[in-house]
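The next block holds one structure in the form of structure tokens; read it before the comments.
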Amino acid sequence: MEQVSSGVLERAPFKYSEIANLPPEEIGRIVKKHVPHLMPKAGVDYRVYLGKPPELREGERLVAYTLSTCPHCYALVAAVLYENGGKVYERKVCPEHGEFEELYFGDYATYERFRRYQKDGKGVWTPNVQLSAPCPYNCGLCPRHKSHTALLNIAVTNRCELRCWYCFFYAVKAGYVYEPSLNHIRFMLREARRMLPYPAIAVQITGGEPLLRDDIVDIVRIAREEGYHHIQVNTEGIRLAFDPDIAVKLREAGTNVVYMSFDGVTPYTNPKNHWEVPYALDNLRRAKLGVVLVPTVIKGYNLHEVGAIIRFGVKHADIVRGVNMQPVSIVGRVPKKERDKLRVTIPDVLLEIEKQTDGQIRREDWYPVPTVVPVSRFVEALRGKPQFELTTHFACGAATYLFWDDDGELIPITRFVDVDGVMQLLDKAAEEIASGRNKYIVTLGVLSKLGRYVDTSKAPKRFRSKRRFLRYIFNILVKHDYSSLGEFHYQTLFLGMMHFQDPYNYDVSRVQRCDVHYVMPDGRIVPFCTFNVFPELYRDRAQKFFSYEIEEWEKLTGKRLAEEVYVRNVKKLMEGEPYRKAYEGVADVFSIPYEEHVLASKKFGIPVVE
Amino acid sequence: MIVKAFSFSASLSEPYPRRVAVETAVYAVSEGALRRLECRGRGFSFELDALDFDAEFGDVLQLTSADVIRGLAGGSFECRVSECDVEGALLKVYNATVNGRSYKLLAAYKPAEGKLLKVYADIVTNLAPWRERARAVSNLLGLAPSALESV
Ligand code: SF4
Ligand code: SF4
């Protein structure tokens, strides 16, 4: 894949080391001065072609119009969403680069079902930038953004010990080291805590590979100190596999959960960390630190293993809290024929899960993210102040909760909870409180009716006690805190899905509602799907500006970047007990010849000890 | 300085059904009182006006030009743009109907560094009682307590 390259990347007019150790407020004052310079520039970084959207062709039915971007030059262009053959497609024309057509959502019926749950939020009352450019060139957050931060991402390094063939991001390839100092990180975290109507409370520490930082535990501690209730660390899991102490230290410092890449159950589908995951799970188990498995799902690559990935999660449910699948986001310039080989969307993955679990997890068991907004509205009505609200676009993500019986039968929550009924009940209750009814009376009414929406005779045996199950629900609804959710988590597996956008299927209507954000080193808060989709305008531009030259970083740290390469000992890893046990009953990994294991690792870009 | 104001009605089908109608009145603030401005009217153009539309309604109504474009499949949008000559502070009053509910919403602007900055905006999804909002705006714009009674 060739990377799109339009923006000019430059470094700040000072060395990063000159500001790195200043107090957080001082760093903030300095970096914010550079925001106007770093913002995308009209005519240089993007153009706007708001002509008529493309015409429909025979057999196509209009679904919606929207704004999108040219995958080659990032120009803003009008686009049409249409249905054809039961699927939804996006088409757009860039006057310079021609027509682009892409699968947007693999099932129109699911699109229509999900659309019913769309709800908008209260926006962001404390924008970090003024409104001065069209979306998505005005991040952010700008005054028109619709959702507060639900999950803040903070990249703490661009170093990585892997050399995945598709990655352009890691320090050696990028040619600079981006590694904000602890004081700089504190400033960034504070920026997102200032947000109104709801300050960020959940943060994901990411990279590069964040565990390469010697001070990763201090970063977690700082996030706690700055008021983050939920802290997750995103990792490829290599360090976790070899260093049992790191998991303990992370948990003690306040990490709630680890997000670990996990693309499949065989070496072919998961050459990134297939051999290390069993050891990482063991160390997390010992540390009592939960993990969410994060597979990137690609057609023709690992789509056929989505059912097995879920079964792997269930098998390790003592420590695996969830599986969060991400249908592939196609970055760089990829010809249509190649894209069609890789492209999957949320409904495609849901259908595969249905097939691969013999109908135990059906498409209808999944709900789009904004389904749960009535829970927030109800709690808001009770408490009288704005609450955490998941108001993303319905096409961005979906989720369900999975339970299981001792005989291994998978039982999604929707089999014994009428989710629509509960949400309507809460919506109505919130309305009643807002129109002046006594909130205690309304709440009592909700509690007395809640049981009607739960049929525990269809629940797993452990949950046949209606009282126990209703207690969970009550804790979540009324207490609305993470500990009650945590208790729920230990008994179930959270199944989530988020389809990050790319320049081919881009939809401005989605990104304006985005609630997964990055805080940038200059203090701007930027949706995930502008940060990573237009790296030259946001991610790379800001990170390079506040980066170290490689030589300077090596001099300061005494480390050699080129030497930070993971070399895998496949043989030794395969011989260990944790490896043998981890895949038992899910995949027959020992029937694959050793040479093929080695080849899979090498083909991916990870060298092997011979 | 020229300031734009939008009056429109929209029936939008995507991503969820919304019917919105807004009449905007623009008032100049002088010596503690409000004076309604007469403005020149013209049609709406996405090329010329989308950004100002976003600035106006992205917060107040949680409605952007991207929402309007999205919803136009099977929907409608009619908009009049008013261009008003102003000097100094400004109040915009939006008489809005959203899905059958009526609202009176306020946005206040003050001059700073050669521009007019929005210093206050009601947000339709999070409205305090009228009296509180009117008090906040009066304080910000230095209006007499009765100034907002007639808007
Ligand atoms: S994505 Fe959000 S913050 Fe960025 S320009 Fe669009 S509305 Fe503004
Ligand atoms: S990160 Fe992308 S896919 Fe997720 S909510 Fe934001 S815009 Fe949607």
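Scheme for the structure tokens: letters A, B, ... for chains in order shown; per-chain residue numbers from 1; ligand numbers from 1 in order shown.
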
What lies within 12 Å of A:Arg116 using only C-alpha atoms, ignoring chain neighbours under 2 positions off, as an mmCIF file with C-alpha atoms, in the first residue's frame?
data_model
loop_
_atom_site.group_PDB
_atom_site.id
_atom_site.type_symbol
_atom_site.label_atom_id
_atom_site.label_comp_id
_atom_site.auth_asym_id
_atom_site.auth_seq_id
_atom_site.Cartn_x
_atom_site.Cartn_y
_atom_site.Cartn_z
ATOM 1 C CA ALA A 109 -31.876 -4.263 6.464
ATOM 2 C CA THR A 110 -29.342 -3.912 9.305
ATOM 3 C CA TYR A 111 -28.695 -0.308 8.217
ATOM 4 C CA GLU A 112 -32.411 0.463 8.555
ATOM 5 C CA ARG A 113 -32.671 -1.356 11.882
ATOM 6 C CA PHE A 114 -29.639 0.429 13.345
ATOM 7 C CA GLN A 118 -29.712 7.266 16.299
ATOM 8 C CA LYS A 119 -29.779 9.970 18.935
ATOM 9 C CA TYR A 367 -27.389 -3.197 18.820
ATOM 10 C CA PRO A 368 -25.777 0.000 17.547
ATOM 11 C CA VAL A 369 -23.865 2.045 20.103
ATOM 12 C CA PRO A 370 -26.432 4.876 20.599
ATOM 13 C CA THR A 371 -29.042 2.308 21.720
ATOM 14 C CA HIS A 393 -23.324 7.464 14.503
ATOM 15 C CA PHE A 394 -25.295 4.240 14.234
ATOM 16 C CA ALA A 395 -23.024 2.961 11.441
ATOM 17 C CA ASP A 420 -35.955 -2.332 23.239
ATOM 18 C CA SER B 13 -34.983 11.958 6.922
ATOM 19 C CA GLU B 14 -31.446 10.844 7.758
ATOM 20 C CA PRO B 15 -29.798 9.732 9.959
ATOM 21 C CA TYR B 16 -33.080 10.092 11.871
ATOM 22 C CA PRO B 17 -36.278 12.026 11.086
#

I need the chain A residues near chain B as a short mmCIF file (atom, residue, chain, number, x, y, z; two decimals) with N, CA, C and O atoms, in the first residue's frame; criterion: at most 9 Å, counting only C-alpha atoms.
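What ended up in out16.cif:
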data_model
loop_
_atom_site.label_atom_id
_atom_site.label_comp_id
_atom_site.auth_asym_id
_atom_site.auth_seq_id
_atom_site.Cartn_x
_atom_site.Cartn_y
_atom_site.Cartn_z
N VAL A 48 -12.32 22.14 -1.58
CA VAL A 48 -13.74 21.84 -1.34
C VAL A 48 -14.45 21.85 -2.69
O VAL A 48 -14.40 22.84 -3.42
N TYR A 49 -15.06 20.73 -3.02
CA TYR A 49 -15.84 20.65 -4.27
C TYR A 49 -17.27 20.25 -3.93
O TYR A 49 -17.60 19.07 -3.94
N LEU A 50 -18.07 21.24 -3.55
CA LEU A 50 -19.43 20.89 -3.14
C LEU A 50 -20.40 20.96 -4.30
O LEU A 50 -21.40 21.67 -4.25
N GLY A 51 -20.11 20.26 -5.37
CA GLY A 51 -21.06 20.24 -6.49
C GLY A 51 -22.21 19.31 -6.17
O GLY A 51 -22.47 18.97 -5.01
N LEU A 62 -31.84 5.41 -3.72
CA LEU A 62 -31.23 6.45 -2.88
C LEU A 62 -31.44 6.15 -1.39
O LEU A 62 -32.55 5.87 -0.96
N VAL A 63 -30.36 6.22 -0.61
CA VAL A 63 -30.46 6.05 0.84
C VAL A 63 -30.24 7.40 1.53
O VAL A 63 -31.04 7.84 2.35
N ALA A 64 -29.14 8.07 1.19
CA ALA A 64 -28.85 9.38 1.80
C ALA A 64 -27.78 10.08 0.98
O ALA A 64 -27.06 9.43 0.21
N TYR A 65 -27.68 11.40 1.16
CA TYR A 65 -26.53 12.13 0.64
C TYR A 65 -25.60 12.36 1.81
O TYR A 65 -26.02 12.38 2.96
N THR A 66 -24.34 12.58 1.50
CA THR A 66 -23.45 12.95 2.59
C THR A 66 -22.23 13.68 2.01
O THR A 66 -22.16 13.92 0.81
N LEU A 67 -21.31 14.04 2.90
CA LEU A 67 -20.05 14.62 2.46
C LEU A 67 -18.96 13.60 2.74
O LEU A 67 -18.98 12.93 3.78
N ALA A 78 -19.12 15.90 -2.43
CA ALA A 78 -20.46 15.40 -2.15
C ALA A 78 -20.50 13.91 -2.51
O ALA A 78 -19.84 13.47 -3.45
N VAL A 80 -23.04 10.11 -2.49
CA VAL A 80 -24.38 9.54 -2.37
C VAL A 80 -24.26 8.15 -1.75
O VAL A 80 -23.31 7.41 -2.04
N ARG A 115 -30.49 2.40 12.20
CA ARG A 115 -30.80 3.82 12.05
C ARG A 115 -31.85 4.27 13.07
O ARG A 115 -31.83 5.41 13.52
N ARG A 116 -32.73 3.36 13.44
CA ARG A 116 -33.81 3.72 14.37
C ARG A 116 -33.28 4.16 15.73
O ARG A 116 -33.98 4.78 16.51
N TYR A 117 -32.04 3.80 16.03
CA TYR A 117 -31.51 4.09 17.38
C TYR A 117 -30.67 5.37 17.44
O TYR A 117 -30.14 5.71 18.48
N GLN A 118 -30.56 6.06 16.30
CA GLN A 118 -29.71 7.27 16.30
C GLN A 118 -30.27 8.32 17.24
O GLN A 118 -31.45 8.61 17.23
N LYS A 119 -29.39 8.86 18.07
CA LYS A 119 -29.78 9.97 18.93
C LYS A 119 -28.62 10.94 18.98
O LYS A 119 -27.46 10.52 18.97
N ASP A 120 -28.92 12.22 19.01
CA ASP A 120 -27.84 13.19 19.11
C ASP A 120 -27.66 13.66 20.55
O ASP A 120 -28.58 13.59 21.35
N GLY A 121 -26.46 14.14 20.81
CA GLY A 121 -26.14 14.53 22.18
C GLY A 121 -26.25 16.03 22.38
O GLY A 121 -27.05 16.70 21.72
N LYS A 122 -25.43 16.51 23.28
CA LYS A 122 -25.51 17.93 23.64
C LYS A 122 -24.36 18.72 23.05
O LYS A 122 -24.18 19.88 23.36
N GLY A 123 -23.53 18.06 22.27
CA GLY A 123 -22.40 18.75 21.68
C GLY A 123 -21.28 18.93 22.68
O GLY A 123 -21.26 18.30 23.75
N VAL A 124 -20.37 19.81 22.32
CA VAL A 124 -19.20 20.09 23.17
C VAL A 124 -19.22 21.58 23.46
O VAL A 124 -19.19 22.39 22.54
N TRP A 125 -19.29 21.92 24.72
CA TRP A 125 -19.47 23.33 25.08
C TRP A 125 -18.15 24.04 25.30
O TRP A 125 -18.13 25.25 25.57
N LEU A 131 -14.57 27.87 15.07
CA LEU A 131 -15.06 27.32 13.81
C LEU A 131 -14.49 28.15 12.65
O LEU A 131 -14.78 29.34 12.54
N SER A 132 -13.66 27.53 11.84
CA SER A 132 -13.00 28.31 10.79
C SER A 132 -12.85 27.53 9.49
O SER A 132 -12.33 28.07 8.52
N ALA A 133 -13.25 26.28 9.46
CA ALA A 133 -13.06 25.48 8.24
C ALA A 133 -14.14 24.42 8.18
O ALA A 133 -14.75 24.07 9.20
N PRO A 134 -14.37 23.87 6.99
CA PRO A 134 -15.37 22.79 6.92
C PRO A 134 -14.89 21.56 7.68
O PRO A 134 -13.68 21.37 7.87
N CYS A 135 -15.84 20.76 8.09
CA CYS A 135 -15.53 19.47 8.71
C CYS A 135 -15.09 18.53 7.59
O CYS A 135 -15.73 18.52 6.54
N PRO A 143 -16.72 23.83 17.55
CA PRO A 143 -18.03 24.02 18.21
C PRO A 143 -19.17 23.20 17.61
O PRO A 143 -20.21 23.07 18.22
N ARG A 144 -18.98 22.64 16.39
CA ARG A 144 -20.10 21.90 15.82
C ARG A 144 -20.02 20.41 16.12
O ARG A 144 -20.91 19.65 15.71
N HIS A 145 -18.97 19.96 16.82
CA HIS A 145 -18.85 18.52 17.09
C HIS A 145 -19.99 18.08 18.02
O HIS A 145 -20.34 18.78 18.95
N LYS A 146 -20.52 16.89 17.78
CA LYS A 146 -21.78 16.52 18.42
C LYS A 146 -21.65 15.65 19.67
O LYS A 146 -22.62 15.49 20.40
N PRO A 386 -25.80 16.80 33.17
CA PRO A 386 -25.46 15.98 32.00
C PRO A 386 -24.63 14.75 32.37
O PRO A 386 -23.77 14.82 33.24
N HIS A 393 -22.47 7.79 15.65
CA HIS A 393 -23.32 7.46 14.50
C HIS A 393 -23.65 5.97 14.56
O HIS A 393 -22.79 5.15 14.91
N PHE A 394 -24.87 5.64 14.13
CA PHE A 394 -25.30 4.24 14.23
C PHE A 394 -24.44 3.30 13.38
O PHE A 394 -24.36 2.11 13.66
N VAL A 508 -18.74 12.29 6.65
CA VAL A 508 -18.63 13.40 7.59
C VAL A 508 -19.72 13.32 8.67
O VAL A 508 -19.51 13.68 9.83
N SER A 509 -20.87 12.80 8.28
CA SER A 509 -21.97 12.66 9.24
C SER A 509 -21.57 11.74 10.39
O SER A 509 -22.01 11.91 11.53
N GLN A 512 -18.66 13.64 12.69
CA GLN A 512 -19.14 14.73 13.53
C GLN A 512 -19.75 14.20 14.84
O GLN A 512 -19.91 14.94 15.79
#

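Between A:Asp522 and the residues A:Glu554, A:Asp455, A:Glu191, A:Glu90, the shortest atom-to-atom distance, using only C-alpha atoms, involves A:Glu191.
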
Test item: residues at most 7 Å from A:Val331, only C-alpha atoms, excluding those fewer than 2 positions along its chain, as a short mmCIF file (atom, residue, chain, number, x, y, z; two decimals) with all heavy atoms, in the first residue's frame:
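Done, and the output landed in result10.cif:
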data_model
loop_
_atom_site.label_atom_id
_atom_site.label_comp_id
_atom_site.auth_asym_id
_atom_site.auth_seq_id
_atom_site.Cartn_x
_atom_site.Cartn_y
_atom_site.Cartn_z
N SER A 329 -9.89 -1.02 8.24
CA SER A 329 -9.93 0.34 7.71
C SER A 329 -8.76 0.42 6.73
O SER A 329 -7.62 0.15 7.09
CB SER A 329 -9.75 1.29 8.90
OG SER A 329 -9.19 2.49 8.52
N ARG A 333 -3.15 4.30 -0.66
CA ARG A 333 -3.82 4.17 -1.96
C ARG A 333 -3.90 2.71 -2.34
O ARG A 333 -2.88 2.08 -2.62
CB ARG A 333 -3.02 4.91 -3.02
CG ARG A 333 -3.31 6.37 -3.01
CD ARG A 333 -2.64 7.05 -4.18
NE ARG A 333 -2.61 8.48 -3.89
CZ ARG A 333 -2.04 9.37 -4.66
NH1 ARG A 333 -1.43 8.99 -5.77
NH2 ARG A 333 -2.05 10.64 -4.32
N ASP A 502 -12.15 5.01 6.66
CA ASP A 502 -10.96 5.26 5.85
C ASP A 502 -11.36 6.22 4.75
O ASP A 502 -12.55 6.54 4.59
CB ASP A 502 -10.35 3.94 5.34
CG ASP A 502 -11.33 3.08 4.59
OD1 ASP A 502 -11.92 3.58 3.62
OD2 ASP A 502 -11.50 1.89 4.96
#

Residue nearest A:Thr357 among A:Gly237, A:Ile309, A:Asn183, A:Ala317 (counting only C-alpha atoms)
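Of A:Gly237, A:Ile309, A:Asn183, A:Ala317, the one nearest A:Thr357, counting only C-alpha atoms, is A:Ile309.
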
Find the residues around B:Ala21 up to 6 Å (only C-alpha atoms counted), leave out those fewer than 6 positions away in its own chain, and share them as JSON, numbers by chain.
{"B": [8, 9, 96, 97]}

Please check which protein, DNA or RNA residues sit within 9 Å of ligand 2, counting only C-alpha atoms and all ligand atoms, and write them as a list in words.
Val369, Thr391, Thr392, His393, Phe394, Ala395, Cys396, Gly397, Met498, His499, Phe500, Gln501, Asp502, Tyr506, Asp507, Val508, Ser509, Arg510, Val511, Gln512, Arg513, Cys514, Asp515, Val516, His517, Pro527, Phe528, Cys529 and Thr530 of chain A

For the strand (DSSP E or B) assignment from backbone DSSP, which residues of chain B qualify? Please present them as JSON, numbers by chain.
{"B": [2, 3, 4, 5, 6, 7, 8, 9, 10, 11, 12, 18, 19, 20, 21, 22, 23, 24, 25, 26, 27, 28, 29, 30, 33, 34, 35, 36, 40, 41, 42, 43, 76, 77, 78, 79, 80, 81, 82, 83, 84, 85, 90, 91, 92, 93, 94, 95, 96, 97, 98, 101, 102, 103, 104, 105, 106, 107, 108, 109, 110, 111, 112, 115, 116, 117, 118, 119, 120, 121]}

If you count only C-alpha atoms, which residues fall within 12 Å of B:Lys4, apart from same-chain ones fewer than 3 positions away, as an mmCIF file with N, CA, C and O atoms, in the first residue's frame?
data_model
loop_
_atom_site.group_PDB
_atom_site.id
_atom_site.type_symbol
_atom_site.label_atom_id
_atom_site.label_comp_id
_atom_site.auth_asym_id
_atom_site.auth_seq_id
_atom_site.Cartn_x
_atom_site.Cartn_y
_atom_site.Cartn_z
ATOM 1 N N MET B 1 -19.451 46.014 9.911
ATOM 2 C CA MET B 1 -19.284 44.567 9.790
ATOM 3 C C MET B 1 -20.616 43.929 9.341
ATOM 4 O O MET B 1 -21.672 44.345 9.796
ATOM 5 N N SER B 7 -32.956 31.964 8.345
ATOM 6 C CA SER B 7 -34.295 31.492 8.719
ATOM 7 C C SER B 7 -34.596 30.341 7.770
ATOM 8 O O SER B 7 -34.407 30.474 6.562
ATOM 9 N N THR B 24 -35.199 33.732 12.540
ATOM 10 C CA THR B 24 -34.160 34.402 13.326
ATOM 11 C C THR B 24 -34.386 35.912 13.310
ATOM 12 O O THR B 24 -34.607 36.497 12.244
ATOM 13 N N ALA B 25 -34.342 36.499 14.486
ATOM 14 C CA ALA B 25 -34.407 37.963 14.580
ATOM 15 C C ALA B 25 -33.056 38.456 15.113
ATOM 16 O O ALA B 25 -32.500 37.857 16.036
ATOM 17 N N VAL B 26 -32.556 39.534 14.511
ATOM 18 C CA VAL B 26 -31.236 40.048 14.913
ATOM 19 C C VAL B 26 -31.423 41.415 15.586
ATOM 20 O O VAL B 26 -32.111 42.286 15.046
ATOM 21 N N LEU B 37 -32.834 44.743 13.870
ATOM 22 C CA LEU B 37 -32.177 45.218 12.653
ATOM 23 C C LEU B 37 -32.964 44.796 11.416
ATOM 24 O O LEU B 37 -33.533 43.703 11.360
ATOM 25 N N GLU B 38 -32.973 45.685 10.444
ATOM 26 C CA GLU B 38 -33.524 45.342 9.126
ATOM 27 C C GLU B 38 -32.354 44.811 8.304
ATOM 28 O O GLU B 38 -31.297 45.437 8.268
ATOM 29 N N CYS B 39 -32.520 43.680 7.688
ATOM 30 C CA CYS B 39 -31.384 43.086 6.960
ATOM 31 C C CYS B 39 -31.784 42.801 5.515
ATOM 32 O O CYS B 39 -32.963 42.692 5.197
ATOM 33 N N ARG B 40 -30.768 42.660 4.666
ATOM 34 C CA ARG B 40 -31.038 42.311 3.256
ATOM 35 C C ARG B 40 -31.155 40.794 3.135
ATOM 36 O O ARG B 40 -30.332 40.066 3.685
ATOM 37 N N GLY B 41 -32.137 40.339 2.369
ATOM 38 C CA GLY B 41 -32.342 38.880 2.236
ATOM 39 C C GLY B 41 -31.856 38.346 0.905
ATOM 40 O O GLY B 41 -31.790 39.062 -0.093
ATOM 41 N N ARG B 42 -31.457 37.078 0.902
ATOM 42 C CA ARG B 42 -31.096 36.384 -0.346
ATOM 43 C C ARG B 42 -31.223 34.879 -0.125
ATOM 44 O O ARG B 42 -31.464 34.418 1.000
ATOM 45 N N GLY B 43 -31.025 34.101 -1.188
ATOM 46 C CA GLY B 43 -31.125 32.647 -1.087
ATOM 47 C C GLY B 43 -29.880 32.029 -0.450
ATOM 48 O O GLY B 43 -28.850 32.699 -0.305
ATOM 49 N N PHE B 44 -29.987 30.758 -0.082
ATOM 50 C CA PHE B 44 -28.883 30.048 0.596
ATOM 51 C C PHE B 44 -28.004 29.334 -0.422
ATOM 52 O O PHE B 44 -28.506 28.775 -1.402
ATOM 53 N N LEU B 48 -21.290 29.176 -0.198
ATOM 54 C CA LEU B 48 -21.008 30.447 0.489
ATOM 55 C C LEU B 48 -21.379 30.421 1.966
ATOM 56 O O LEU B 48 -20.779 31.134 2.767
ATOM 57 N N ASP B 49 -22.386 29.609 2.292
ATOM 58 C CA ASP B 49 -23.004 29.787 3.614
ATOM 59 C C ASP B 49 -22.860 28.612 4.584
ATOM 60 O O ASP B 49 -23.244 28.740 5.745
ATOM 61 N N ALA B 50 -22.328 27.480 4.109
ATOM 62 C CA ALA B 50 -22.329 26.281 4.959
ATOM 63 C C ALA B 50 -21.594 26.522 6.283
ATOM 64 O O ALA B 50 -22.064 26.134 7.360
ATOM 65 N N LEU B 51 -20.449 27.177 6.184
ATOM 66 C CA LEU B 51 -19.644 27.374 7.388
ATOM 67 C C LEU B 51 -20.371 28.258 8.406
ATOM 68 O O LEU B 51 -20.382 27.977 9.617
ATOM 69 N N ASP B 52 -21.012 29.336 7.890
ATOM 70 C CA ASP B 52 -21.740 30.230 8.794
ATOM 71 C C ASP B 52 -22.970 29.525 9.381
ATOM 72 O O ASP B 52 -23.332 29.762 10.531
ATOM 73 N N PHE B 53 -23.581 28.662 8.585
ATOM 74 C CA PHE B 53 -24.720 27.887 9.085
ATOM 75 C C PHE B 53 -24.253 26.991 10.250
ATOM 76 O O PHE B 53 -24.907 26.915 11.295
ATOM 77 N N ASP B 54 -23.100 26.355 10.055
ATOM 78 C CA ASP B 54 -22.551 25.495 11.122
ATOM 79 C C ASP B 54 -22.248 26.316 12.376
ATOM 80 O O ASP B 54 -22.512 25.882 13.497
ATOM 81 N N ALA B 55 -21.666 27.508 12.139
ATOM 82 C CA ALA B 55 -21.315 28.349 13.284
ATOM 83 C C ALA B 55 -22.569 28.766 14.036
ATOM 84 O O ALA B 55 -22.565 28.899 15.259
ATOM 85 N N GLU B 56 -23.658 28.954 13.292
ATOM 86 C CA GLU B 56 -24.902 29.435 13.887
ATOM 87 C C GLU B 56 -25.652 28.319 14.630
ATOM 88 O O GLU B 56 -26.108 28.495 15.745
ATOM 89 N N ARG B 80 -33.507 31.142 3.975
ATOM 90 C CA ARG B 80 -33.296 32.541 3.592
ATOM 91 C C ARG B 80 -32.134 33.073 4.402
ATOM 92 O O ARG B 80 -32.053 32.855 5.609
ATOM 93 N N VAL B 81 -31.230 33.742 3.703
ATOM 94 C CA VAL B 81 -30.072 34.310 4.409
ATOM 95 C C VAL B 81 -30.289 35.810 4.523
ATOM 96 O O VAL B 81 -30.613 36.468 3.530
ATOM 97 N N SER B 82 -30.129 36.336 5.722
ATOM 98 C CA SER B 82 -30.213 37.792 5.901
ATOM 99 C C SER B 82 -28.815 38.314 6.166
ATOM 100 O O SER B 82 -28.061 37.707 6.933
ATOM 101 N N GLU B 83 -28.480 39.390 5.543
ATOM 102 C CA GLU B 83 -27.173 40.016 5.805
ATOM 103 C C GLU B 83 -27.424 41.360 6.469
ATOM 104 O O GLU B 83 -28.149 42.199 5.932
ATOM 105 N N CYS B 84 -26.842 41.531 7.628
ATOM 106 C CA CYS B 84 -27.151 42.712 8.435
ATOM 107 C C CYS B 84 -25.871 43.501 8.716
ATOM 108 O O CYS B 84 -24.833 42.898 9.022
ATOM 109 N N ASP B 85 -25.975 44.825 8.640
ATOM 110 C CA ASP B 85 -24.827 45.674 9.015
ATOM 111 C C ASP B 85 -24.865 45.891 10.519
ATOM 112 O O ASP B 85 -25.895 46.326 11.046
ATOM 113 N N VAL B 86 -23.783 45.553 11.178
ATOM 114 C CA VAL B 86 -23.778 45.750 12.639
ATOM 115 C C VAL B 86 -22.488 46.401 13.094
ATOM 116 O O VAL B 86 -21.439 46.274 12.458
ATOM 117 N N LEU B 90 -24.383 42.121 19.827
ATOM 118 C CA LEU B 90 -25.499 41.639 19.013
ATOM 119 C C LEU B 90 -26.237 40.527 19.754
ATOM 120 O O LEU B 90 -25.622 39.740 20.464
ATOM 121 N N LYS B 92 -29.022 37.403 18.852
ATOM 122 C CA LYS B 92 -29.862 36.703 17.881
ATOM 123 C C LYS B 92 -30.902 35.909 18.657
ATOM 124 O O LYS B 92 -30.564 35.218 19.628
ATOM 125 N N LEU B 116 -16.674 39.433 15.541
ATOM 126 C CA LEU B 116 -17.750 39.263 16.522
ATOM 127 C C LEU B 116 -17.633 37.862 17.099
ATOM 128 O O LEU B 116 -17.656 36.873 16.364
#

Apply DSSP to the backbone of this structure and, from stretch 283-523 of chain A, keep only the residues in alpha helix (DSSP H); write these as a VMD selection string.
chain A and resid 283 to 287 306 to 315 336 to 342 346 to 356 373 to 383 419 to 434 439 to 450 466 to 474 482 to 490 508 to 511
